[in-house]
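Accompanying notes for the structure given below.
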Amino acid sequence: MNFTAANKVIIQGIIEPLGASYAPLMQAYGTTVVAGISPGYGGRSLAGIPVFDMVEQALPSVGAIDTSVIFSAPYAVLDAALEAIAAGVRKIVLVTQGIPPLDMVHLIRTAEATETLIVGPDSPGIIVPNQLLLGIHPPDLYRPGSVGLISRNGTLTYEIAWSLTQAGLGQSIAVSIGGDAIVGSTFPQWLQILDEDDQTDVIVLVGEIGGDSEEIAAHHIAEAIEKPVVAYVAGRSAPRDRRMGHAGAIIESQATDFGPDVGTAESKIAALKRAGVPVADRPSEIPEIVKSLLQQPVKKAV
Amino acid sequence: MNFTAANKVIIQGIIEPLGASYAPLMQAYGTTVVAGISPGYGGRSLAGIPVFDMVEQALPSVGAIDTSVIFSAPYAVLDAALEAIAAGVRKIVLVTQGIPPLDMVHLIRTAEATETLIVGPDSPGIIVPNQLLLGIHPPDLYRPGSVGLISRNGTLTYEIAWSLTQAGLGQSIAVSIGGDAIVGSTFPQWLQILDEDDQTDVIVLVGEIGGDSEEIAAHHIAEAIEKPVVAYVAGRSAPRDRRMGHAGAIIESQATDFGPDVGTAESKIAALKRAGVPVADRPSEIPEIVKSLLQQPVKKAV
Amino acid sequence: MDLLEYQAKELFRGVGIPVPPSQRIDRPADLKSLAIPYPIALKSQVYIGGRGRLGGVRLVSNTIDAIAAAHTIFNLPIMGELPKVLLAEAKFDSKQELYLAVVLNRSIRRPVLLGSAQGGVDVQTAIAQMQQIVVDQEFSPFYARRLALKMGLKGNLLNVVTDVIERMYGLFLSQDLDLVEINPLAVNAEGDVMALDGKVTVNDAALGRHAALAALDTRSTQGATPHKPALARLPEVLSTVDPDGQIGILANGAGLTMATMDLLCQAGGKPINFLNIGGETHSDALPETLCQRLEQGLELLTRNKQIKVVLINIVSGTLSCDRVAESISKFLQRPISIVKPVGPVKDEIRLSRVKPLPTLVVRLVGSQFQDAKATLAKTPTILVEDLDKAIAQALTLVRNRDT
Amino acid sequence: MDLLEYQAKELFRGVGIPVPPSQRIDRPADLKSLAIPYPIALKSQVYIGGRGRLGGVRLVSNTIDAIAAAHTIFNLPIMGELPKVLLAEAKFDSKQELYLAVVLNRSIRRPVLLGSAQGGVDVQTAIAQMQQIVVDQEFSPFYARRLALKMGLKGNLLNVVTDVIERMYGLFLSQDLDLVEINPLAVNAEGDVMALDGKVTVNDAALGRHAALAALDTRSTQGATPHKPALARLPEVLSTVDPDGQIGILANGAGLTMATMDLLCQAGGKPINFLNIGGETHSDALPETLCQRLEQGLELLTRNKQIKVVLINIVSGTLSCDRVAESISKFLQRPISIVKPVGPVKDEIRLSRVKPLPTLVVRLVGSQFQDAKATLAKTPTILVEDLDKAIAQALTLVRNRDT
């Protein structure tokens, strides 16, 4: 998995408000944005980026496309992503929130069959500081460095990146897998990618209540990850069963009346600790723990 | 592609009238029928063949299954075939006629993705004389030999097999690709299989009016087939646009008012002749032509 | 099964494809309570295309003209077909007319989307501009967009037409259609679109799972009996191949029936009727059923007083020769009174029974041939083993009976 | 969005899942014109489960008893919820009760089918017997059959239950449901099945494409306004975290809001309300929209007279710090009369305006921080750069205002 400024990137939904605001920012940051896609707007351009009606129309002029960042309206995202896959795009970042879950199920099935990486939805995307912005991370808060940051939220990710940056700890990459109930790429996938990434020395994992991603991540860390991991889990004080704004924060149960303890902050923190992962009590604690881990020798492969 | 008595075969829809009649005949002919499948009838047996509710239930006791012959009712065929594919079966013969075409489109897409051979629907299936019966060919009319018989109809295939048998010309294999509008395996696929088959010296292709399979077959023969081919096309005298009993006999046009000449007997016969294929005027002429071809040296590879 | 225009448009309306306000007219007087404003188009609801050229569509501006036009159209056969219903439809001012269709392509085994930027009555121009997109994987709207782009559409019209195609595909898939066609899809000066004419063909094999569509069959004399994927009914009336013919053909399976007829024609014979009693691949097929169909088929063919010879060609794995022979023998021995009629028995048919039966030339391939031979030896039928000889025999018999 | 039982059963009926004959009862008098025969069950239509144990379901055998029971149920709150409607339903004699559900499993990112041969009110037994099938590829009925088999069903019941699961899945997929549950699916002595109770949860994000379902929302005070996937509305009333609390939290994004509240609680603070004005990943999100939501959020929080301090924590890429500062400044300067109320303005709220506003502790991360600092310097707000310090500041202020 390589994410560099050499990646050829398109922006689908480039005329949506969010897409139109971030397209020039992504480009200004050094991302090679070769085309924007918005059906019905073909022939125009936005911040110098040529706009096409379809992904495949861009291919003759720009060649193979590595990545698409999708800002389309929620009900148009599935089709946009399938269109990108049909045009040979194999990395897709879904920024848009509120995609119907069954659209995601359909998309994930197709992504699996075509070996396409789907990041998101409801995700600020990926940033490789000073190299590449695939989404809406605020670049000012990030600096290049060796901390790999993986989260499933948006502004809390910025908060933690900023606390690292302020402490002099730059980031090799920051990625949010997205806050909606059904997301494409998972914590274990990204843990694996960062474990194998030469630029990353330590991994910060930012979780929150709801779902079982942190429990699964903890299991994966214990089994397969060699680099040190620091975690933080938001939502210790959250009232149970209250919506905090996105589905990740609903403590869900499998079906009516079948609710195990999975999903609570306690369950997640306990699982991470059992896996040997230090869990910060507050965001500002993360840089201290990262520093202490960087001074320890890296776990050896067994 | 090997079709021998060693093939492990299941019969789906074994309690349907047609399935129940032919299961014992297939078995008596030497086909290794290891299980019958009919939902709701699991636990029974038919002619000594154990019946299961699902294909996957049979796996622990019979091991991997090579082929399924499906006799299920038309609207149950798609599900039965998908179930067989999910259970690892990669050769499927659909005997049943009248499967809705869009069910076939769905099945063919899945078959392509899983590299599954689908023969039929509306097909008497495959017979390898004295070895294997996968379907409803009347065994009495066939004898082992070196003529490969490919058709898209039922009883006319028997007629021609019988005329070959009576003339002392046995068959290496006989297969009907099926009479419905949308079928799985095609003439070119079978021409290729028989061209590569050591047991086959000459190929008899039996077509009929409707669709463009004969035209496509003619093209394929000219391009890629080395063994001699003899053809017969039924329907020279058929009134245009009259239903003869199955969809293959409707001279179809792409959409309203867009009807080319493709599909008529004239078009098919002309295409075959252009490809150098002798076309018999009547079934009884076929054995004579086959004999004359067998006396000629085989075309050399270019 | 084809739908009439007004039925197709009901389906379009149901999935949100824009169609003009319209009203079904069962008799001219219905126009007195017309709920749509004039001018309107009055359109003959027939299954045959090209009614516009033949006077089946009229534009009218007031009730008096409308009633007069309706009278005319109700009495105007289009290629022999009289409308039972008219459609009164609001006028739509079109600036551009597109052609759109979704159809199954049997040779690539996939649905295809067809579109032409030049739709309307001039079919040749539409064809010249026709674009095609194959829906090779599961449908997603981008296939529709791909077609719209290929048609040369841009801007808002690109999206509007994409949406119409998407809805057409939705119908196609959910209703098991063989064809859904809009011609023209009109575009007005404001960029709004409207389906002005539509054609829908429902797949017959799938009708059993679409009760609402099956109920739209206005042509079935069986009425609204539920279609089910059972053995197809034998036709009630056989169509005539050669009106001067004297030979009837009865065979099993479409290919075999055609081959038999081909042989007869090649030998100079004139078949008047042919009947395929059905192949062997129906999941419900039992020997009993096939025998029954054989007897019903003989009954049907022998009703035709013009037939001198019936050529029976049965090649079967399901049905042994002796069972075929027994059925034939049973048919010949039946007392007329106990024959279960296939349709309502008319006097004319009863009358025909007293006429001598045509000669039956029987050709059989299958098991138990010797038993069949013994059975048929006791009947006036002529059993021939070889197909070419059976054809020759039938021809000789006709000539002999003629003279 | 949850549906009430009678709404769920309407959906079931629509797709051919058998449900008992039933009638919606809006008031006890409706029982006088009951069209189903006694005995019937009268069932409280509330969103909360377990109504049976709490007296929300009664079996009655005649009109007098029915009306009396209806009066009782209409006045019986189930866990605080009073029914607006009852369901009168024909009795069905069950020999066996099954549990069936289709639900989305977010961690495997696939729908799963759940089934237990021991359904009914005893949930623990149902769970002990629960079987699960993952629908990993496109659904086909064999997935349903796989579940039915795993549940231990045989013979005709296997096929009947497979068919019910298939129809449940059809609903799940076509209506974008989070959950469709039948408990119990009753089986009678003849082997017929009947869905005696059902639960359907519609996915909120998908409601915008299911107008018919959105119209079933009986709880929305907005009435039947079309749901669309726009920025979620802010809540009209904030829920209370700690009734003794004096601090309100306003942040952007769910994770950040939770983290801020966690910090406050860990430091011994008592938040009474929290408000997430929304993250940054909405395709319609513009700085203007976010500023508007910030101002609306402040309006909402400051309505609560108990709040002494509002802690604002905004970390944003979309919104520069100076724009946040301007919004806060604008909010503080607004004349009360021109503030556009979010809901109907009650006198009580107008009254609260004359009270001094709570102190605003503002913590900002983003671009243009210095400009924000300059803007806020002219206001009575307290700007803190560091999050931990902002928390400490808020706590100090509450203590000071307390004393």
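Note on naming: chains are A, B, ... as they come in the structure tokens, residues start from 1 per chain, ligands start from 1 in the order shown.
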Secondary structure check, strand (DSSP E) residues of region 75-171 of chain A, as a ChimeraX atom specification: /A:91-94,117-119,125-128,132-135,144-151,171
Got a sec: who's within 12 Å of Pro37 (chain D), counting only C-alpha atoms, leaving out chain neighbours fewer than 5 positions off, as an NGL selection string? :D and (20-23 or 31-32 or 60-63 or 66 or 88-92)
Taking only C-alpha atoms into account, find every residue of chain A that has an atom no more than 12 Å from chain C, and write it out as number ranges by chain. A: 38-44, 51-57, 75-87, 103, 106-107, 109-110
List the neighbours of region 6-17 of chain B out to 9 Å using only C-alpha atoms; skip same-chain residues closer than 6 positions along the sequence, and give me the result as a VMD selection string. (chain B and resid 23 31 to 39 41 46 51 54 to 55 62 to 73 76 to 77 80 to 81 84 132 134) or (chain C and resid 283 to 286)
Within 12 Å of Gly170 (chain C) using only C-alpha atoms, minus same-chain residues under 3 positions, as a list in words: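 Surrounding residues, per the criterion: Leu11, Phe12, Gly14, Val15, Gly16, Ile17, Val102, Pro111, Glu138, Phe139, Ser140, Pro141, Ala144, Asp163, Val164, Ile165, Glu166, Arg167, Leu173, Ser174, Gln175, Asp176, Leu177 and Val180 of chain C.
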Fewer than 2 positions away in the same chain doesn't count, so skip those; otherwise give me all residues within 10 Å of Val277 (chain B), counting only C-alpha atoms, as a list in words.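 Returned residues: Leu205, Ala218, Ile221, Ala222, Pro228, Val229, Val230, Ala231, Tyr232, Ile269, Ala270, Ala271, Leu272, Lys273, Arg274, Ala275, Val279 and Ala280 of chain B.
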Residues just named, written with N, CA and C atoms as an mmCIF file, in the first residue's frame:
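Output file selection11.cif is given in full below:
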```
data_model
loop_
_atom_site.group_PDB
_atom_site.id
_atom_site.type_symbol
_atom_site.label_atom_id
_atom_site.label_comp_id
_atom_site.auth_asym_id
_atom_site.auth_seq_id
_atom_site.Cartn_x
_atom_site.Cartn_y
_atom_site.Cartn_z
ATOM 1 N N LEU B 205 -23.022 -30.823 -35.620
ATOM 2 C CA LEU B 205 -23.649 -29.674 -34.976
ATOM 3 C C LEU B 205 -25.091 -29.584 -35.451
ATOM 4 N N ALA B 218 -20.484 -20.925 -36.641
ATOM 5 C CA ALA B 218 -19.832 -20.958 -37.950
ATOM 6 C C ALA B 218 -18.555 -20.128 -37.918
ATOM 7 N N ILE B 221 -15.928 -21.947 -35.908
ATOM 8 C CA ILE B 221 -15.369 -23.102 -36.623
ATOM 9 C C ILE B 221 -14.310 -22.623 -37.619
ATOM 10 N N ALA B 222 -14.643 -21.559 -38.339
ATOM 11 C CA ALA B 222 -13.700 -21.045 -39.335
ATOM 12 C C ALA B 222 -12.410 -20.585 -38.665
ATOM 13 N N PRO B 228 -13.156 -31.977 -38.464
ATOM 14 C CA PRO B 228 -14.261 -31.747 -39.401
ATOM 15 C C PRO B 228 -15.595 -31.622 -38.671
ATOM 16 N N VAL B 229 -16.444 -30.750 -39.204
ATOM 17 C CA VAL B 229 -17.760 -30.502 -38.607
ATOM 18 C C VAL B 229 -18.822 -30.688 -39.686
ATOM 19 N N VAL B 230 -19.911 -31.345 -39.321
ATOM 20 C CA VAL B 230 -21.080 -31.475 -40.192
ATOM 21 C C VAL B 230 -22.230 -30.778 -39.492
ATOM 22 N N ALA B 231 -23.072 -30.059 -40.219
ATOM 23 C CA ALA B 231 -24.171 -29.371 -39.551
ATOM 24 C C ALA B 231 -25.517 -29.750 -40.145
ATOM 25 N N TYR B 232 -26.523 -29.543 -39.345
ATOM 26 C CA TYR B 232 -27.911 -29.669 -39.804
ATOM 27 C C TYR B 232 -28.691 -28.562 -39.120
ATOM 28 N N ILE B 269 -27.539 -21.425 -42.541
ATOM 29 C CA ILE B 269 -26.939 -22.363 -43.494
ATOM 30 C C ILE B 269 -25.845 -21.668 -44.308
ATOM 31 N N ALA B 270 -26.128 -20.422 -44.697
ATOM 32 C CA ALA B 270 -25.137 -19.674 -45.474
ATOM 33 C C ALA B 270 -23.874 -19.464 -44.643
ATOM 34 N N ALA B 271 -24.036 -19.101 -43.375
ATOM 35 C CA ALA B 271 -22.874 -18.844 -42.518
ATOM 36 C C ALA B 271 -22.045 -20.110 -42.362
ATOM 37 N N LEU B 272 -22.735 -21.245 -42.151
ATOM 38 C CA LEU B 272 -22.017 -22.510 -41.967
ATOM 39 C C LEU B 272 -21.278 -22.888 -43.246
ATOM 40 N N LYS B 273 -21.934 -22.705 -44.372
ATOM 41 C CA LYS B 273 -21.291 -23.071 -45.644
ATOM 42 C C LYS B 273 -20.079 -22.189 -45.897
ATOM 43 N N ARG B 274 -20.218 -20.891 -45.577
ATOM 44 C CA ARG B 274 -19.072 -19.985 -45.737
ATOM 45 C C ARG B 274 -17.892 -20.452 -44.881
ATOM 46 N N ALA B 275 -18.205 -21.058 -43.736
ATOM 47 C CA ALA B 275 -17.149 -21.537 -42.843
ATOM 48 C C ALA B 275 -16.620 -22.894 -43.280
ATOM 49 N N VAL B 279 -23.522 -28.836 -44.852
ATOM 50 C CA VAL B 279 -24.803 -28.797 -44.146
ATOM 51 C C VAL B 279 -25.723 -29.857 -44.758
ATOM 52 N N ALA B 280 -26.148 -30.804 -43.936
ATOM 53 C CA ALA B 280 -27.022 -31.879 -44.411
ATOM 54 C C ALA B 280 -28.416 -31.333 -44.675
#
```
